[in-house]
There are 2 protein chains.
Amino acid sequence: MADKAQIQEAIEVQGEEVRKLKSEKASKEQIDEEVSKLLQLKAQIGEDDGKHQFVLKTAKGTRDYNPKQMAIREKVFNTILGCFKRHGAETIDTPVFELKETLTGKYGEDSKLIYDLKDQGGELLSLRYDLTVPFARYLAMNKITNIKRYHIAKVYRRDNPAMTRGRYREFYQCDFDIAGQYDAMIPDAECLKIVYEILSELDIGDFRIKVNDRRILDGMFAMPWEEVRKEMVSEKGLSEEVADQIGEYVSLQGGMELAERLLQDQKMSQSKQACAGLTDIKLLFSYLQLFQVTDKVVFDLSLARGLDYYTGIIYEGFLTQTGIAAEAQNSSGAEESVSVGSVAGGGRYDGLASAESVRTTEVQAEVMYKKNPKLLSQLQYCEDSGIPLVAILGEQELKDGVADISRADLIAEIKRKTSEA
Amino acid sequence: MADKAQIQEAIEVQGEEVRKLKSEKASKEQIDEEVSKLLQLKAQIGEDDGKHQFVLKTAKGTRDYNPKQMAIREKVFNTILGCFKRHGAETIDTPVFELKETLTGKYGEDSKLIYDLKDQGGELLSLRYDLTVPFARYLAMNKITNIKRYHIAKVYRRDNPAMTRGRYREFYQCDFDIAGQYDAMIPDAECLKIVYEILSELDIGDFRIKVNDRRILDGMFAMPWEEVRKEMVSEKGLSEEVADQIGEYVSLQGGMELAERLLQDQKMSQSKQACAGLTDIKLLFSYLQLFQVTDKVVFDLSLARGLDYYTGIIYEGFLTQTGIAAEAQNSSGAEESVSVGSVAGGGRYDGLASAESVRTTEVQAEVMYKKNPKLLSQLQYCEDSGIPLVAILGEQELKDGVADISRADLIAEIKRKTSEA
């Protein structure tokens, strides 16, 4: 094999020589001579030429997908895609690699997990680590401030993969992001609603979505822990061992009422940051109640997420059943059941992008991201966005369940009207 | 920026130190001390932390796709996918990178265009250059000898891209391959039929598909050119200048009759290789006539294809209109019309793979790859493959246009019967 590789190398060098002579329009004789050398080299490789040898493995932490696995993947993606489109998102695509510089300083200590490309002359490149930083680069480059976009694509992390737990070095992310300035917590609530809808629709068992806020975590870490500890032991009657654990607060779980309670907490309320976080969590839960998803969403102070760029609300979706059946392949190729916990995650990241509004989605049903949307501004938004129909449901109409046409016929009527347009 | 990069570097080193201590279960005091150093470093980066700066470009030879471009891409892919599925293919996926060794020696002098990944410890990796070599690796690894598969994915070439001609360093390939041993030229003819169907359906203007055979090219290069030249000048009355061009044969274009004529050619017939190629071309055209695609397919001796692994028939699809409108972006972001010539290509490569048959496609209408398929062997194939229905059209039925049920109702009847099953 070493000999063959050397000949191959020589063939490449000689091929380059021939190309150079041709591009320099050298004499026919000169070219012929070099071509003949090239053919001699190729002859040395001989009969083997057509029969190539293959290293029979994929790179560490990666896998192939066979047709059956592809069919499952397609089904899952269609569910996710359907939800993203229903929520009015459009899609973009970005290259698999970015300038190394674009990724620098975005992932904190995880930066060492980035795959760099070899310096072969030219730009220094790295494989994308997620879809968020390329998205922010896309927004800044195209001066886009408002967009609801999804992007389903592979990302790359040189982690020590636990493949039996479904973790790989090459894996898909299904991203949904809302960029723009809106009233507090309304887009955030929609993102959680989307996680809720997808996890319900995929039918992979019961789940919970834990929510926290980066500012609450930061506020807690800035607290004078010796004092907090003293208070826990003397005033709240906790054992010293328990109080020693910084994790006391972080064992707290609840909903809106927990956020309210912590806003009254003496230590918590000293941190401006933590209070801002708690206030947002409270507001978020009021929208989550309207969206009817609070049965699965829980405010959990133990939730932390690794990525550096989050600035507010963070969340993560977990399957509650242990040993949930997912598909993996062990080294002998047999399929086995693996345990997957966290299956979705996200958060708010302000300040990643910097003026034009785009709208290229199919027209879908939409609500405005305003806490008190006025009728005129709603109609103005419709005009700007090319939305052809508005359903105005007043109190009387809601009470009667009738809006000119019967409410049950509403969707059919809208479909009829939009297909006429 | 240099300072900031240094601090970022220090943060990464310090973060690693903290992780190490945690994994070694060091004392809380020791961990706290190192965490505090980490926080100090992070504080130095300060307010900038949330507001990241972006290098506002994509890597050389690559591009983003905006929602409008994505919509066009999806439409094109759906046409291609529809054709691949109609022809009974199933899909697989492979990682974006392979072991460097897997790609070594497969692409001849083009190997220098392969993107290598940086050696960050561990395996040496390269981005895939095409989808064919990973497919062959997949077949060998899983001991699959028979499969009809499609794979639509991006590939990577460090070429000097002519982006105004639609050529990029990152681009999609839509591959369709038939692996297995079949009667000569029947799968090859199906591949050409697929190119024909897709180029027709995409409705991007008139096209031609040029066909040649690697062995004809090799045979021509092995000819005693001085003799050929003499013959051209003295016997065929060509000018010396014209005869001097090795390209005399390669200006020939035609169909089955050209293959027949060249088989009689004194010089050509001296090359066993060239004769094998010409015989296959002749046979191929007989199937192409049955498939009714000979209006666009032309045997063209000038056609050569770069890839090293082709061993027989090669082909390439061209748009015949110059300056055909395709979409590209110039540096200012405005769209402009670009000229694209070659839009499809392929060929036969024997000896890339080395025993089990798979079938996971939806059941579609199929023909067997046999030149004289016997009824019993066809029925056996149906049983083995789980095909539930066979339509037997005898001469009398063909003449009457009736096969128990009227021929016009045939498809509806098959649909009805298969949905019952």
# chains A, B, ... in the order shown; residues from 1 in each chain; ligands from 1

call {"tool": "interface_residues", "arguments": {"of": "chain B", "to": "chain A", "cutoff": "7 Å", "atoms": "only C-alpha atoms", "output": "PyMOL selection string"}}
result
chain B and resi 8+11-12+15-16+50-52+54-59+62-68+70+90-95+98-99+101-102+105+108-109+116-118+137+141+309+350-352+360

call {"tool": "calpha_fit_and_write", "arguments": {"fixed": "chain A", "moving": "chain B", "output": "short mmCIF file (atom, residue, chain, number, x, y, z; two decimals) with C-alpha atoms, in the first residue's frame"}}
result
data_model
loop_
_atom_site.label_atom_id
_atom_site.label_comp_id
_atom_site.auth_asym_id
_atom_site.auth_seq_id
_atom_site.Cartn_x
_atom_site.Cartn_y
_atom_site.Cartn_z
CA MET B 1 0.18 0.11 0.45
CA ALA B 2 3.03 2.53 1.24
CA ASP B 3 4.45 2.04 -2.27
CA LYS B 4 1.08 2.59 -3.82
CA ALA B 5 0.58 5.79 -1.84
CA GLN B 6 3.98 7.04 -3.08
CA ILE B 7 3.06 6.33 -6.68
CA GLN B 8 -0.27 8.03 -6.16
CA GLU B 9 1.57 11.06 -4.82
CA ALA B 10 3.88 11.03 -7.86
CA ILE B 11 0.85 10.79 -10.17
CA GLU B 12 -0.65 13.85 -8.53
CA VAL B 13 2.58 15.84 -8.87
CA GLN B 14 2.98 14.76 -12.48
CA GLY B 15 -0.67 15.53 -13.26
CA GLU B 16 -0.11 19.01 -11.90
CA GLU B 17 2.94 19.42 -14.16
CA VAL B 18 0.85 18.44 -17.22
CA ARG B 19 -1.87 20.88 -16.29
CA LYS B 20 0.68 23.64 -15.82
CA LEU B 21 2.22 23.03 -19.25
CA LYS B 22 -1.23 23.02 -20.85
CA SER B 23 -2.22 26.26 -19.17
CA GLU B 24 1.10 27.81 -20.30
CA LYS B 25 0.37 26.58 -23.83
CA ALA B 26 3.67 24.68 -23.97
CA SER B 27 4.67 22.81 -27.13
CA LYS B 28 2.83 19.63 -28.05
CA GLU B 29 6.08 17.62 -27.77
CA GLN B 30 6.76 18.86 -24.28
CA ILE B 31 3.19 18.10 -23.17
CA ASP B 32 3.27 14.66 -24.82
CA GLU B 33 6.47 13.79 -23.00
CA GLU B 34 5.02 14.68 -19.62
CA VAL B 35 1.73 12.91 -20.40
CA SER B 36 3.67 9.79 -21.27
CA LYS B 37 5.45 9.94 -17.87
CA LEU B 38 2.05 10.30 -16.25
CA LEU B 39 0.72 7.23 -18.10
CA GLN B 40 3.76 5.21 -17.01
CA LEU B 41 3.11 6.10 -13.40
CA LYS B 42 -0.55 5.18 -13.76
CA ALA B 43 0.48 1.84 -15.32
CA GLN B 44 2.52 1.09 -12.17
CA ILE B 45 -0.63 1.22 -10.13
CA GLY B 46 -1.85 -1.23 -12.73
CA GLU B 47 -4.77 -3.53 -12.39
CA ASP B 48 -5.61 -2.26 -8.97
CA ASP B 49 -6.68 0.94 -10.60
CA GLY B 50 -10.35 0.13 -10.94
CA LYS B 51 -10.64 -1.81 -7.72
CA HIS B 52 -10.26 0.57 -4.86
CA GLN B 53 -9.74 -0.40 -1.28
CA PHE B 54 -11.88 1.14 1.39
CA VAL B 55 -11.27 1.81 5.02
CA LEU B 56 -14.36 0.20 6.40
CA LYS B 57 -15.44 2.71 9.02
CA THR B 58 -16.95 6.14 9.39
CA ALA B 59 -15.14 8.87 11.30
CA LYS B 60 -15.29 8.68 15.12
CA GLY B 61 -18.62 9.88 16.46
CA THR B 62 -20.38 9.78 13.09
CA ARG B 63 -22.74 7.30 11.46
CA ASP B 64 -24.44 6.40 8.22
CA TYR B 65 -28.22 6.31 7.91
CA ASN B 66 -29.66 3.33 6.05
CA PRO B 67 -32.91 3.60 4.10
CA LYS B 68 -35.03 2.50 7.07
CA GLN B 69 -33.41 5.05 9.36
CA MET B 70 -33.82 7.70 6.66
CA ALA B 71 -37.53 6.96 6.50
CA ILE B 72 -37.84 7.52 10.27
CA ARG B 73 -35.77 10.70 10.06
CA GLU B 74 -37.93 12.04 7.25
CA LYS B 75 -41.07 11.41 9.29
CA VAL B 76 -39.67 13.24 12.33
CA PHE B 77 -38.44 16.16 10.21
CA ASN B 78 -41.82 16.47 8.51
CA THR B 79 -43.52 16.84 11.89
CA ILE B 80 -41.03 19.52 12.94
CA LEU B 81 -41.17 21.30 9.57
CA GLY B 82 -44.95 21.29 9.66
CA CYS B 83 -44.93 23.01 13.05
CA PHE B 84 -42.32 25.62 12.00
CA LYS B 85 -44.32 26.45 8.86
CA ARG B 86 -47.59 26.58 10.78
CA HIS B 87 -45.98 29.26 12.93
CA GLY B 88 -45.15 31.27 9.82
CA ALA B 89 -41.39 30.71 9.64
CA GLU B 90 -39.33 30.73 6.45
CA THR B 91 -36.06 28.87 5.93
CA ILE B 92 -32.49 29.78 4.97
CA ASP B 93 -29.34 27.75 4.42
CA THR B 94 -25.72 28.62 5.22
CA PRO B 95 -22.44 26.86 4.34
CA VAL B 96 -21.22 23.97 6.49
CA PHE B 97 -18.07 25.94 7.31
CA GLU B 98 -17.55 29.56 8.35
CA LEU B 99 -14.47 31.73 8.63
CA LYS B 100 -12.78 30.60 11.86
CA GLU B 101 -12.94 34.20 13.03
CA THR B 102 -16.74 34.21 12.80
CA LEU B 103 -16.93 31.46 15.43
CA THR B 104 -14.17 32.84 17.70
CA GLY B 105 -15.32 33.91 21.14
CA LYS B 106 -18.90 32.72 20.72
CA TYR B 107 -18.85 29.47 22.65
CA GLY B 108 -16.71 30.10 25.75
CA GLU B 109 -14.78 27.08 26.89
CA ASP B 110 -16.58 24.85 24.41
CA SER B 111 -14.61 26.53 21.62
CA LYS B 112 -12.06 23.74 21.88
CA LEU B 113 -14.71 21.39 20.47
CA ILE B 114 -14.80 23.23 17.14
CA TYR B 115 -13.52 21.33 14.10
CA ASP B 116 -10.97 23.45 12.26
CA LEU B 117 -10.08 22.85 8.64
CA LYS B 118 -6.46 22.39 7.66
CA ASP B 119 -4.66 25.50 6.49
CA GLN B 120 -4.29 24.62 2.80
CA GLY B 121 -3.62 28.24 1.81
CA GLY B 122 -6.32 30.87 1.83
CA GLU B 123 -8.84 31.48 4.57
CA LEU B 124 -8.88 29.74 7.93
CA LEU B 125 -12.15 27.84 8.23
CA SER B 126 -14.08 25.90 10.86
CA LEU B 127 -17.10 23.61 10.68
CA ARG B 128 -20.22 25.23 12.15
CA TYR B 129 -20.73 24.39 15.83
CA ASP B 130 -24.39 25.39 15.79
CA LEU B 131 -26.84 27.17 13.48
CA THR B 132 -27.26 30.25 15.68
CA VAL B 133 -23.94 31.98 15.03
CA PRO B 134 -24.20 31.49 11.23
CA PHE B 135 -27.77 32.85 11.47
CA ALA B 136 -26.56 35.95 13.32
CA ARG B 137 -23.77 36.38 10.72
CA TYR B 138 -26.43 36.08 7.97
CA LEU B 139 -28.63 38.72 9.62
CA ALA B 140 -25.76 41.17 10.10
CA MET B 141 -24.43 40.60 6.56
CA ASN B 142 -27.83 41.21 4.98
CA LYS B 143 -28.90 43.92 7.43
CA ILE B 144 -32.00 41.97 8.40
CA THR B 145 -33.51 42.84 11.78
CA ASN B 146 -36.83 41.03 11.65
CA ILE B 147 -37.25 37.44 10.58
CA LYS B 148 -38.81 34.25 11.85
CA ARG B 149 -36.65 31.52 10.34
CA TYR B 150 -36.10 27.80 10.69
CA HIS B 151 -33.00 25.89 9.65
CA ILE B 152 -32.64 22.12 9.81
CA ALA B 153 -29.03 21.08 9.23
CA LYS B 154 -26.06 19.21 10.64
CA VAL B 155 -23.59 20.72 13.11
CA TYR B 156 -20.19 19.50 14.29
CA ARG B 157 -18.65 19.13 17.75
CA ARG B 158 -15.40 17.35 18.64
CA ASP B 159 -16.93 16.12 21.87
CA ASN B 160 -16.42 12.71 23.42
CA PRO B 161 -19.65 11.36 22.11
CA ALA B 162 -21.82 9.00 24.11
CA MET B 163 -23.27 7.29 21.07
CA THR B 164 -25.24 4.88 23.19
CA ARG B 165 -27.08 7.95 24.49
CA GLY B 166 -27.70 9.20 20.98
CA ARG B 167 -24.94 11.79 21.05
CA TYR B 168 -22.71 12.12 18.01
CA ARG B 169 -20.00 14.42 16.67
CA GLU B 170 -22.14 15.10 13.60
CA PHE B 171 -25.80 15.65 14.41
CA TYR B 172 -28.83 17.56 13.21
CA GLN B 173 -30.18 20.69 14.81
CA CYS B 174 -33.70 21.89 14.03
CA ASP B 175 -33.56 25.60 14.77
CA PHE B 176 -36.40 28.07 15.01
CA ASP B 177 -35.53 31.69 15.81
CA ILE B 178 -37.44 34.95 15.98
CA ALA B 179 -35.26 38.00 15.32
CA GLY B 180 -36.57 41.48 16.03
CA GLN B 181 -37.77 43.85 18.74
CA TYR B 182 -41.11 42.85 20.23
CA ASP B 183 -43.05 43.25 23.44
CA ALA B 184 -41.43 41.30 26.25
CA MET B 185 -41.84 37.52 26.41
CA ILE B 186 -44.34 37.14 23.54
CA PRO B 187 -41.88 35.60 21.02
CA ASP B 188 -40.27 33.65 23.89
CA ALA B 189 -43.67 32.17 24.76
CA GLU B 190 -44.20 31.20 21.10
CA CYS B 191 -40.87 29.35 21.07
CA LEU B 192 -41.94 27.33 24.12
CA LYS B 193 -45.31 26.67 22.50
CA ILE B 194 -43.45 25.27 19.48
CA VAL B 195 -41.33 22.94 21.64
CA TYR B 196 -44.56 21.82 23.34
CA GLU B 197 -46.34 21.18 20.04
CA ILE B 198 -43.46 19.25 18.49
CA LEU B 199 -42.78 17.03 21.52
CA SER B 200 -46.52 16.29 21.76
CA GLU B 201 -46.86 15.54 18.08
CA LEU B 202 -43.77 13.32 17.85
CA ASP B 203 -45.44 11.00 20.33
CA ILE B 204 -42.20 9.88 22.03
CA GLY B 205 -43.57 9.71 25.57
CA ASP B 206 -44.32 12.22 28.31
CA PHE B 207 -42.08 15.27 28.61
CA ARG B 208 -41.41 18.38 30.67
CA ILE B 209 -39.97 21.70 29.56
CA LYS B 210 -37.79 23.32 32.22
CA VAL B 211 -37.49 27.11 32.10
CA ASN B 212 -35.02 29.38 33.85
CA ASP B 213 -33.39 32.74 33.19
CA ARG B 214 -29.71 33.42 32.73
CA ARG B 215 -30.01 36.53 34.91
CA ILE B 216 -31.47 34.54 37.82
CA LEU B 217 -28.48 32.19 37.65
CA ASP B 218 -26.04 35.10 37.43
CA GLY B 219 -27.83 36.84 40.32
CA MET B 220 -27.56 33.72 42.47
CA PHE B 221 -23.84 33.36 41.79
CA ALA B 222 -23.31 36.99 42.81
CA MET B 223 -24.97 36.44 46.21
CA PRO B 224 -22.98 36.51 49.45
CA TRP B 225 -23.17 32.75 49.99
CA GLU B 226 -21.89 32.73 53.56
CA GLU B 227 -24.84 34.88 54.58
CA VAL B 228 -27.29 32.83 52.61
CA ARG B 229 -25.92 29.71 54.28
CA LYS B 230 -26.26 31.22 57.76
CA GLU B 231 -29.82 32.24 57.04
CA MET B 232 -30.71 28.79 55.79
CA VAL B 233 -29.33 27.10 58.90
CA SER B 234 -30.50 29.57 61.55
CA GLU B 235 -33.77 30.83 60.11
CA LYS B 236 -35.02 28.00 57.93
CA GLY B 237 -33.80 25.15 60.18
CA LEU B 238 -31.91 23.31 57.45
CA SER B 239 -29.01 21.01 58.35
CA GLU B 240 -25.54 22.45 57.79
CA GLU B 241 -24.80 19.80 55.15
CA VAL B 242 -27.81 20.71 53.12
CA ALA B 243 -27.17 24.41 53.50
CA ASP B 244 -23.60 23.91 52.36
CA GLN B 245 -24.81 23.04 48.98
CA ILE B 246 -25.01 26.07 46.77
CA GLY B 247 -27.73 24.05 45.15
CA GLU B 248 -30.34 24.98 47.74
CA TYR B 249 -32.16 27.45 45.58
CA VAL B 250 -31.67 25.29 42.56
CA SER B 251 -33.79 22.51 43.99
CA LEU B 252 -36.77 24.82 43.63
CA GLN B 253 -39.36 24.04 40.99
CA GLY B 254 -42.70 25.62 40.25
CA GLY B 255 -44.60 28.01 38.06
CA MET B 256 -45.67 31.63 38.18
CA GLU B 257 -46.22 31.48 41.96
CA LEU B 258 -42.58 30.45 42.52
CA ALA B 259 -41.39 33.48 40.53
CA GLU B 260 -43.65 35.66 42.67
CA ARG B 261 -42.38 34.12 45.90
CA LEU B 262 -38.71 34.58 44.91
CA LEU B 263 -39.34 38.21 44.02
CA GLN B 264 -40.19 38.62 47.72
CA ASP B 265 -37.12 36.64 48.82
CA GLN B 266 -34.76 38.90 50.77
CA LYS B 267 -31.55 37.67 49.18
CA MET B 268 -32.91 37.31 45.66
CA SER B 269 -34.46 40.75 45.66
CA GLN B 270 -31.05 42.29 46.28
CA SER B 271 -29.96 41.32 42.79
CA LYS B 272 -31.33 43.64 40.13
CA GLN B 273 -30.46 41.03 37.51
CA ALA B 274 -32.27 38.22 39.27
CA CYS B 275 -35.36 40.44 39.74
CA ALA B 276 -35.43 41.26 36.01
CA GLY B 277 -35.25 37.54 35.28
CA LEU B 278 -38.00 36.68 37.77
CA THR B 279 -40.27 39.42 36.43
CA ASP B 280 -39.83 38.03 32.91
CA ILE B 281 -40.50 34.48 34.09
CA LYS B 282 -43.75 35.72 35.68
CA LEU B 283 -44.81 37.47 32.49
CA LEU B 284 -43.79 34.47 30.41
CA PHE B 285 -46.00 32.16 32.45
CA SER B 286 -49.00 34.47 31.93
CA TYR B 287 -48.60 33.95 28.16
CA LEU B 288 -47.94 30.24 28.60
CA GLN B 289 -51.29 30.01 30.41
CA LEU B 290 -52.99 31.64 27.41
CA PHE B 291 -51.18 29.17 25.12
CA GLN B 292 -52.37 26.33 27.38
CA VAL B 293 -48.98 24.70 27.82
CA THR B 294 -48.40 25.13 31.57
CA ASP B 295 -49.20 21.45 32.24
CA LYS B 296 -45.71 20.56 30.91
CA VAL B 297 -43.67 23.71 31.52
CA VAL B 298 -41.92 24.14 34.83
CA PHE B 299 -39.78 26.99 36.24
CA ASP B 300 -36.68 25.14 37.46
CA LEU B 301 -33.80 27.04 39.07
CA SER B 302 -31.40 24.15 38.48
CA LEU B 303 -31.54 24.59 34.72
CA ALA B 304 -28.33 25.96 33.22
CA ARG B 305 -27.30 25.88 29.57
CA GLY B 306 -23.73 25.77 28.30
CA LEU B 307 -23.79 28.32 25.53
CA ASP B 308 -22.24 31.68 26.24
CA TYR B 309 -24.56 33.80 24.16
CA TYR B 310 -27.80 33.42 26.12
CA THR B 311 -28.89 36.57 27.93
CA GLY B 312 -32.39 35.88 29.27
CA ILE B 313 -34.91 33.04 29.33
CA ILE B 314 -33.41 29.58 28.78
CA TYR B 315 -35.28 26.28 28.45
CA GLU B 316 -34.80 22.62 27.84
CA GLY B 317 -37.22 19.80 26.96
CA PHE B 318 -36.80 16.41 28.68
CA LEU B 319 -38.44 13.06 28.18
CA THR B 320 -39.65 11.93 31.60
CA GLN B 321 -39.49 8.20 30.96
CA THR B 322 -36.03 6.73 31.52
CA GLY B 323 -34.76 4.30 28.95
CA ILE B 324 -37.03 5.69 26.29
CA ALA B 325 -36.60 3.66 23.13
CA ALA B 326 -34.50 5.46 20.57
CA GLU B 327 -32.61 3.89 17.78
CA ALA B 328 -28.85 3.49 17.63
CA GLN B 329 -26.38 1.05 16.21
CA ASN B 330 -23.67 -0.65 18.17
CA SER B 331 -20.42 -1.69 16.54
CA SER B 332 -21.81 -5.00 15.33
CA GLY B 333 -24.52 -3.14 13.45
CA ALA B 334 -27.37 -4.47 15.58
CA GLU B 335 -29.93 -1.99 16.77
CA GLU B 336 -30.32 -1.38 20.45
CA SER B 337 -32.42 0.75 22.69
CA VAL B 338 -30.74 3.85 24.13
CA SER B 339 -31.62 6.35 26.81
CA VAL B 340 -32.06 9.99 25.83
CA GLY B 341 -32.93 12.69 28.36
CA SER B 342 -32.73 16.22 27.02
CA VAL B 343 -34.27 16.44 23.57
CA ALA B 344 -34.72 20.16 22.96
CA GLY B 345 -33.27 23.41 24.21
CA GLY B 346 -32.96 27.10 23.59
CA GLY B 347 -33.07 30.55 25.01
CA ARG B 348 -33.04 34.25 24.42
CA TYR B 349 -29.84 35.85 23.09
CA ASP B 350 -29.94 39.61 22.73
CA GLY B 351 -27.30 41.54 20.90
CA LEU B 352 -26.19 38.99 18.32
CA ALA B 353 -27.43 40.90 15.27
CA SER B 354 -27.68 44.70 14.15
CA ALA B 355 -32.90 47.15 8.45
CA GLU B 356 -35.37 45.79 6.37
CA SER B 357 -38.32 43.52 7.00
CA VAL B 358 -38.84 40.41 4.92
CA ARG B 359 -41.85 38.24 4.46
CA THR B 360 -41.79 35.32 2.08
CA THR B 361 -43.73 32.72 4.00
CA GLU B 362 -47.07 31.44 2.87
CA VAL B 363 -49.73 33.48 4.61
CA GLN B 364 -50.65 31.73 7.82
CA ALA B 365 -52.76 32.64 10.81
CA GLU B 366 -50.75 35.00 12.99
CA VAL B 367 -50.97 36.99 16.19
CA MET B 368 -49.03 40.21 16.77
CA TYR B 369 -46.21 40.28 19.31
CA LYS B 370 -47.93 43.14 21.25
CA LYS B 371 -49.27 42.88 24.77
CA ASN B 372 -52.14 45.30 24.05
CA PRO B 373 -52.54 45.18 20.29
CA LYS B 374 -54.72 48.06 19.07
CA LEU B 375 -57.12 47.40 16.23
CA LEU B 376 -55.64 50.06 13.94
CA SER B 377 -52.05 48.94 14.41
CA GLN B 378 -53.12 45.35 13.74
CA LEU B 379 -54.79 46.37 10.50
CA GLN B 380 -51.70 48.40 9.53
CA TYR B 381 -49.53 45.33 10.16
CA CYS B 382 -51.80 43.25 7.93
CA GLU B 383 -51.52 45.79 5.15
CA ASP B 384 -47.74 45.98 5.42
CA SER B 385 -47.39 42.21 5.42
CA GLY B 386 -49.85 41.43 2.66
CA ILE B 387 -52.18 39.52 4.96
CA PRO B 388 -55.48 39.36 3.06
CA LEU B 389 -57.96 38.50 5.83
CA VAL B 390 -58.53 39.53 9.42
CA ALA B 391 -60.97 37.85 11.74
CA ILE B 392 -62.31 40.31 14.35
CA LEU B 393 -63.88 38.51 17.26
CA GLY B 394 -65.56 40.94 19.66
CA GLU B 395 -66.92 40.01 23.06
CA GLN B 396 -70.45 39.54 21.77
CA GLU B 397 -69.24 37.33 18.90
CA LEU B 398 -67.19 35.23 21.31
CA LYS B 399 -70.19 34.84 23.59
CA ASP B 400 -72.50 33.82 20.75
CA GLY B 401 -69.84 31.63 19.08
CA VAL B 402 -70.76 33.32 15.82
CA ALA B 403 -68.76 35.83 13.71
CA ASP B 404 -71.06 36.65 10.83
CA ILE B 405 -70.57 33.07 9.78
CA SER B 406 -70.70 30.30 12.34
CA ARG B 407 -67.40 29.81 14.15
CA ALA B 408 -67.28 26.15 13.17
CA ASP B 409 -67.27 27.16 9.50
CA LEU B 410 -64.58 29.82 9.98
CA ILE B 411 -61.57 27.87 8.75
CA ALA B 412 -63.35 26.52 5.69
CA GLU B 413 -64.52 30.04 4.86
CA ILE B 414 -60.99 31.50 5.18
CA LYS B 415 -59.64 28.73 2.96
CA ARG B 416 -62.30 29.51 0.38
CA LYS B 417 -61.62 33.26 0.44
CA THR B 418 -57.80 32.92 0.26
CA SER B 419 -57.97 30.46 -2.63
CA GLU B 420 -60.10 32.99 -4.50
CA ALA B 421 -57.48 35.72 -4.02
#
